[in-house]
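S.K.: Structure supplied as structure17.csv; contents: CSV, C-alpha atoms and all ligand atoms.
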```csv
chain,number,residue,atom,x,y,z
A,183,MET,CA,6.9,-16.8,17.4
A,184,ALA,CA,7.8,-19.7,15.2
A,185,ALA,CA,9.6,-21.5,18.1
A,186,GLU,CA,6.5,-20.8,20.3
A,187,LEU,CA,4.2,-22.4,17.7
A,188,LYS,CA,6.5,-25.4,17.3
A,189,ARG,CA,6.5,-25.9,21.0
A,190,ALA,CA,2.7,-25.7,21.1
A,191,ASP,CA,2.5,-28.2,18.3
A,192,ARG,CA,4.8,-30.5,20.1
A,193,LEU,CA,2.8,-30.3,23.2
A,194,ALA,CA,-0.4,-31.0,21.3
A,195,ALA,CA,1.1,-34.0,19.6
A,196,LEU,CA,2.4,-35.3,23.0
A,197,GLY,CA,-1.1,-34.9,24.4
A,198,GLU,CA,-2.6,-36.8,21.5
A,199,LEU,CA,0.0,-39.5,21.8
A,200,SER,CA,-0.6,-40.0,25.5
A,201,ALA,CA,-4.4,-40.0,25.0
A,202,ARG,CA,-4.0,-42.8,22.4
A,203,MET,CA,-1.8,-44.7,24.7
A,204,ALA,CA,-4.4,-44.4,27.5
A,205,HIS,CA,-7.1,-45.6,25.1
A,206,GLU,CA,-5.0,-48.6,24.0
A,207,ILE,CA,-4.3,-49.6,27.6
A,208,ARG,CA,-8.0,-49.7,28.5
A,209,ASN,CA,-8.8,-52.7,26.2
A,210,PRO,CA,-6.3,-55.2,27.6
A,211,LEU,CA,-7.2,-53.9,31.1
A,212,ALA,CA,-10.8,-54.8,30.5
A,213,ALA,CA,-9.7,-58.3,29.3
A,214,ILE,CA,-7.6,-58.8,32.5
A,215,SER,CA,-10.4,-57.7,34.7
A,216,GLY,CA,-13.0,-59.9,32.9
A,217,SER,CA,-10.8,-63.0,32.9
A,218,VAL,CA,-10.0,-62.6,36.6
A,219,GLN,CA,-13.7,-62.3,37.4
A,220,LEU,CA,-14.3,-65.6,35.6
A,221,VAL,CA,-11.4,-67.5,37.2
A,222,ALA,CA,-12.5,-66.2,40.6
A,223,LEU,CA,-15.8,-68.2,40.1
A,224,ARG,CA,-14.0,-71.5,39.8
A,225,PRO,CA,-14.8,-73.9,42.7
A,226,TRP,CA,-11.1,-74.7,43.6
A,227,VAL,CA,-10.3,-71.0,44.3
A,228,ASP,CA,-9.7,-70.8,48.1
A,229,GLU,CA,-10.2,-67.8,50.3
A,230,LYS,CA,-6.6,-66.6,50.1
A,231,ASP,CA,-6.7,-66.6,46.3
A,232,GLN,CA,-10.1,-64.8,46.4
A,233,ARG,CA,-8.4,-62.0,48.3
A,234,LEU,CA,-5.7,-61.7,45.7
A,235,PHE,CA,-8.2,-61.7,42.9
A,236,SER,CA,-10.2,-58.9,44.6
A,237,ILE,CA,-7.0,-56.9,44.9
A,238,ILE,CA,-6.4,-57.3,41.1
A,239,LEU,CA,-10.0,-56.3,40.4
A,240,ARG,CA,-9.8,-53.3,42.7
A,241,GLU,CA,-6.6,-52.1,41.2
A,242,THR,CA,-7.6,-52.7,37.5
A,243,ASP,CA,-10.8,-50.7,38.3
A,244,ARG,CA,-8.7,-47.9,39.8
A,245,LEU,CA,-6.4,-47.9,36.7
A,246,ASP,CA,-9.5,-47.8,34.4
A,247,CYS,CA,-10.9,-44.8,36.3
A,248,LEU,CA,-7.6,-43.0,36.0
A,249,LEU,CA,-7.3,-43.7,32.3
A,250,ARG,CA,-11.0,-42.6,31.7
A,251,ASP,CA,-10.4,-39.3,33.6
A,252,PHE,CA,-7.1,-38.8,31.8
A,253,LEU,CA,-8.8,-39.2,28.4
A,254,PHE,CA,-11.5,-36.7,29.4
A,255,TYR,CA,-8.8,-34.3,30.3
A,256,ALA,CA,-6.3,-34.9,27.4
A,257,ARG,CA,-8.8,-35.3,24.6
A,258,PRO,CA,-11.9,-33.2,25.3
A,259,ASN,CA,-14.5,-33.3,22.6
A,260,GLN,CA,-15.2,-30.1,20.6
A,261,PRO,CA,-18.2,-28.6,22.3
A,262,ALA,CA,-21.5,-28.8,20.6
A,263,LYS,CA,-23.2,-25.8,22.2
A,264,VAL,CA,-27.0,-25.9,22.8
A,265,ALA,CA,-29.4,-24.0,24.9
A,266,LEU,CA,-29.5,-25.6,28.4
A,267,ASN,CA,-31.8,-25.0,31.3
A,268,LEU,CA,-29.5,-25.2,34.3
A,269,HIS,CA,-32.2,-25.8,36.9
A,270,ARG,CA,-33.2,-28.9,35.0
A,271,VAL,CA,-29.6,-30.1,34.4
A,272,ILE,CA,-28.8,-29.9,38.1
A,273,GLY,CA,-32.2,-31.4,39.0
A,274,ASP,CA,-31.5,-34.5,36.8
A,275,LEU,CA,-28.0,-34.8,38.2
A,276,CYS,CA,-29.2,-34.7,41.8
A,277,ALA,CA,-31.7,-37.5,41.0
A,278,LEU,CA,-28.8,-39.5,39.4
A,279,LEU,CA,-26.6,-38.9,42.4
A,280,ALA,CA,-29.3,-39.5,45.0
A,281,THR,CA,-28.3,-43.2,45.5
A,282,ASP,CA,-24.6,-42.5,45.5
A,283,PRO,CA,-23.0,-43.3,48.9
A,284,ARG,CA,-21.0,-40.1,48.7
A,285,MET,CA,-24.2,-38.1,49.0
A,286,GLU,CA,-25.3,-39.6,52.3
A,287,GLY,CA,-26.0,-36.9,54.8
A,288,VAL,CA,-25.6,-34.2,52.1
A,289,GLU,CA,-28.5,-31.9,51.5
A,290,VAL,CA,-28.5,-30.3,48.1
A,291,ASP,CA,-30.4,-27.0,47.8
A,292,ASN,CA,-31.0,-26.1,44.1
A,293,GLN,CA,-31.9,-22.4,44.2
A,294,LEU,CA,-31.2,-21.8,40.5
A,295,PRO,CA,-34.0,-19.7,38.9
A,296,ALA,CA,-36.2,-21.9,36.7
A,297,ASP,CA,-35.5,-19.8,33.6
A,298,LEU,CA,-31.7,-19.7,33.6
A,299,VAL,CA,-30.4,-20.8,30.2
A,300,VAL,CA,-26.8,-21.1,29.1
A,301,GLN,CA,-25.1,-22.1,25.9
A,302,PHE,CA,-23.0,-25.1,26.6
A,303,ASP,CA,-22.3,-28.7,25.4
A,304,LYS,CA,-24.9,-30.9,27.1
A,305,ASP,CA,-22.6,-33.8,28.1
A,306,GLN,CA,-19.8,-31.5,29.1
A,307,CYS,CA,-22.2,-29.5,31.3
A,308,THR,CA,-23.3,-32.6,33.1
A,309,GLN,CA,-19.6,-33.6,33.5
A,310,VAL,CA,-18.8,-30.1,35.0
A,311,PHE,CA,-21.5,-30.2,37.6
A,312,TRP,CA,-21.0,-33.9,38.4
A,313,ASN,CA,-17.4,-33.2,39.2
A,314,LEU,CA,-18.2,-30.1,41.3
A,315,LEU,CA,-21.1,-31.8,43.2
A,316,VAL,CA,-19.0,-34.9,43.9
A,317,ASN,CA,-16.1,-32.8,45.1
A,318,ALA,CA,-18.4,-30.8,47.4
A,319,ALA,CA,-20.0,-34.0,48.8
A,320,GLU,CA,-16.5,-35.6,49.3
A,321,ALA,CA,-15.5,-32.6,51.3
A,322,ILE,CA,-18.5,-33.0,53.7
A,323,THR,CA,-18.2,-35.5,56.5
A,324,GLY,CA,-21.0,-36.2,58.9
A,325,GLY,CA,-23.6,-34.2,57.1
A,326,GLY,CA,-23.7,-30.8,55.4
A,327,ARG,CA,-25.2,-28.7,52.7
A,328,ILE,CA,-24.5,-27.8,49.1
A,329,CYS,CA,-26.2,-24.7,47.9
A,330,ILE,CA,-26.4,-23.9,44.2
A,331,ASP,CA,-27.7,-20.5,43.0
A,332,GLY,CA,-27.2,-18.3,40.0
A,333,ALA,CA,-28.3,-15.2,38.1
A,334,LEU,CA,-28.0,-13.6,34.7
A,335,VAL,CA,-25.3,-10.9,34.8
A,336,LYS,CA,-26.0,-8.5,32.0
A,337,GLU,CA,-23.2,-6.2,30.8
A,338,ASP,CA,-24.1,-2.9,29.0
A,339,ALA,CA,-22.2,-4.0,26.0
A,340,GLY,CA,-21.6,-7.5,24.7
A,341,PRO,CA,-23.4,-10.8,25.4
A,342,GLY,CA,-24.6,-11.6,28.9
A,343,GLU,CA,-23.3,-14.3,31.1
A,344,VAL,CA,-24.8,-16.5,33.8
A,345,ARG,CA,-23.1,-16.6,37.2
A,346,ILE,CA,-23.5,-19.9,39.1
A,347,SER,CA,-22.2,-20.6,42.5
A,348,ILE,CA,-21.8,-23.9,44.3
A,349,ARG,CA,-21.3,-23.5,48.0
A,350,ASP,CA,-20.5,-26.3,50.3
A,351,THR,CA,-20.2,-26.5,54.1
A,352,GLY,CA,-17.3,-29.1,53.8
A,353,SER,CA,-13.8,-29.1,55.0
A,354,GLY,CA,-12.5,-26.2,52.8
A,355,MET,CA,-8.9,-26.1,51.9
A,356,SER,CA,-5.7,-24.4,52.8
A,357,GLN,CA,-4.5,-21.5,50.7
A,358,ASP,CA,-1.6,-23.7,49.5
A,359,ASP,CA,-3.9,-26.4,48.3
A,360,LEU,CA,-6.3,-23.8,46.7
A,361,ARG,CA,-3.4,-22.5,44.6
A,362,ARG,CA,-2.9,-26.0,43.1
A,363,VAL,CA,-6.4,-27.3,42.6
A,364,PHE,CA,-6.4,-26.8,38.8
A,365,GLU,CA,-3.1,-28.7,38.4
A,366,PRO,CA,-3.6,-32.0,36.7
A,367,PHE,CA,-3.0,-34.9,39.1
A,368,PHE,CA,-3.2,-32.7,42.2
A,369,THR,CA,-5.2,-34.6,44.8
A,370,THR,CA,-5.4,-34.8,48.6
A,371,LYS,CA,-7.7,-37.9,48.4
A,372,LYS,CA,-6.8,-41.5,48.8
A,373,GLY,CA,-7.7,-42.9,45.4
A,374,GLY,CA,-8.3,-39.5,43.8
A,375,THR,CA,-7.1,-38.9,40.3
A,376,GLY,CA,-6.7,-35.1,40.6
A,377,LEU,CA,-8.1,-34.7,37.2
A,378,GLY,CA,-11.6,-33.5,38.0
A,379,LEU,CA,-11.0,-29.8,38.4
A,380,ALA,CA,-8.4,-29.7,35.6
A,381,THR,CA,-11.0,-31.2,33.3
A,382,VAL,CA,-13.7,-28.9,34.5
A,383,TYR,CA,-11.5,-25.8,34.0
A,384,ARG,CA,-10.7,-27.0,30.4
A,385,ILE,CA,-14.3,-27.7,29.6
A,386,VAL,CA,-15.5,-24.3,30.9
A,387,GLU,CA,-12.8,-22.5,29.0
A,388,THR,CA,-13.5,-24.3,25.7
A,389,ASN,CA,-17.3,-23.5,26.1
A,390,GLY,CA,-16.4,-19.8,26.4
A,391,GLY,CA,-16.8,-19.5,30.2
A,392,ARG,CA,-14.5,-19.0,33.2
A,393,MET,CA,-14.4,-20.0,36.8
A,394,THR,CA,-13.0,-19.2,40.2
A,395,ILE,CA,-12.8,-21.0,43.6
A,396,ASN,CA,-12.8,-19.5,47.1
A,397,SER,CA,-12.2,-21.6,50.1
A,398,SER,CA,-11.7,-21.3,53.8
A,399,LYS,CA,-10.2,-24.2,55.8
A,400,GLY,CA,-12.8,-25.6,58.2
A,401,LYS,CA,-15.6,-23.5,56.7
A,402,GLY,CA,-16.3,-24.6,53.2
A,403,THR,CA,-15.7,-23.9,49.5
A,404,THR,CA,-17.5,-21.8,46.9
A,405,VAL,CA,-17.0,-22.5,43.2
A,406,THR,CA,-18.2,-19.7,40.9
A,407,LEU,CA,-18.8,-20.3,37.2
A,408,TYR,CA,-19.4,-17.6,34.6
A,409,LEU,CA,-21.0,-19.2,31.5
A,410,PRO,CA,-22.3,-17.7,28.3
A,411,ALA,CA,-25.9,-16.9,28.5
A,412,LEU,CA,-28.4,-17.5,25.7
A,413,CYS,CA,-28.9,-14.2,24.1
B,501,LIG,P1,-9.9,-35.4,43.0
B,501,LIG,O1,-11.3,-35.2,43.4
B,501,LIG,O2,-9.7,-36.7,42.3
B,501,LIG,O3,-8.9,-35.3,44.2
B,501,LIG,P2,-10.1,-32.8,41.7
B,501,LIG,O4,-9.3,-32.2,40.6
B,501,LIG,O5,-11.6,-33.0,41.6
B,501,LIG,O6,-9.4,-34.3,42.0
B,501,LIG,O7,-9.8,-32.0,43.1
B,501,LIG,C1,-8.5,-31.7,43.4
B,501,LIG,C2,-8.4,-31.4,44.9
B,501,LIG,O8,-9.0,-30.2,45.2
B,501,LIG,C3,-9.1,-32.4,45.8
B,501,LIG,O9,-8.2,-33.6,46.1
B,501,LIG,C4,-9.3,-31.6,47.1
B,501,LIG,O10,-8.2,-31.5,47.9
B,501,LIG,C5,-9.6,-30.2,46.5
B,501,LIG,N1,-11.0,-29.9,46.4
B,501,LIG,C6,-11.7,-29.8,45.2
B,501,LIG,N2,-13.0,-29.5,45.5
B,501,LIG,C7,-13.1,-29.3,46.8
B,501,LIG,C8,-14.1,-28.9,47.7
B,501,LIG,N3,-15.4,-28.6,47.3
B,501,LIG,N4,-13.8,-28.7,49.0
B,501,LIG,C9,-12.6,-29.0,49.5
B,501,LIG,N5,-11.6,-29.4,48.7
B,501,LIG,C10,-11.8,-29.5,47.4
B,502,MG,MG,-12.8,-34.6,42.1
```
Turn the structure described in the file into structure tokens.
M.R.:
Amino acid sequence: MAAELKRADRLAALGELSARMAHEIRNPLAAISGSVQLVALRPWVDEKDQRLFSIILRETDRLDCLLRDFLFYARPNQPAKVALNLHRVIGDLCALLATDPRMEGVEVDNQLPADLVVQFDKDQCTQVFWNLLVNAAEAITGGGRICIDGALVKEDAGPGEVRISIRDTGSGMSQDDLRRVFEPFFTTKKGGTGLGLATVYRIVETNGGRMTINSSKGKGTTVTLYLPALC
């Protein structure tokens, strides 16, 4: 038991250390990126150098995204649970994503009942659905649909929970990939960080919920969340 605890402590300390490291790397990275952008404006910079500068900027941007996602995963904030109307959360998110190029050709069908309320941290809820909607959109090529619906599932005893499903008509995944989706850094995408679903899983768990994913290659994917209802 003591050894188990020690190991858990060590892992937590390691997580905190790497999160601090990630945080510290972001500042100089921003300075590098800002300086390169300024130098790139100088009149003597020729086309060849411009190309090199844009490679530096693209790669610093990629590193920054990786560090940001890693920080979300390694150092999640303690949830501040409030009553959230899910129909509205998804509606706001869809409005925000409407201009995102990844949503082109993707129809989002928000069928959530207007009175579905969960207890969840507001920012973390947005983060969860943002990740799930973007994943669904990225799995869709040449047009498709994302359908979101949900219902209150009331058990006889204990507090109720809200079931939400996000179904997409995208590429789906193989059963081998499906088994690995919650592993940090598992990605099949060029430029993906593989931290989206690992973070979503962690957030859902710390807010008292759970989730499952079903997928069929070539047909699509369904993510199902069970979140604590407001009782
Ligand atoms: P990333 O999006 O950076 O790759 P995620 O953790 O969000 O990382 O997803 C991990 C992997 O799970 C993706 O690379 C993809 O292979 C698979 N995946 C996640 N969501 C879906 C989906 N809706 N349809 C098909 N594959 C998915
Ligand atoms: Mg993702």
S.K.: Which value, in Å to one decimal, gives the distance between atom O6 of ligand LIG 501 (chain B) and atom CA of A:Asn313?
M.R.: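 A separation of 8.5 Å between them.
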S.K.: Could you give me, as a PyMOL selection string, the residues that sit within 10 Å of (-8.2, -58.4, 41.6) in the file's coordinates, counting all atoms listed in the file?
M.R.: chain A and resi 214-215+218-219+222+231-243
S.K.: Can you pull out every residue within 10 Å of A:Gly326, counting all atoms listed in the file, but drop anything in the same chain fewer than 5 positions away, and send it as a PyMOL selection string?
M.R.: chain A and resi 285-290+318-319+321+350-352+402
S.K.: Check every protein, DNA and RNA residue against ligand LIG 501 (chain B), keep those with an atom at most 6 Å away (counting all atoms listed in the file), and present them as number ranges by chain.
M.R.: A: 317-318, 321, 352-355, 363, 368-371, 374-380, 403
S.K.: By how many Å are atom CA of A:Asp246 and atom CA of A:Gln306 apart?
M.R.: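 That distance, rounded to one decimal, is 20.0 Å.
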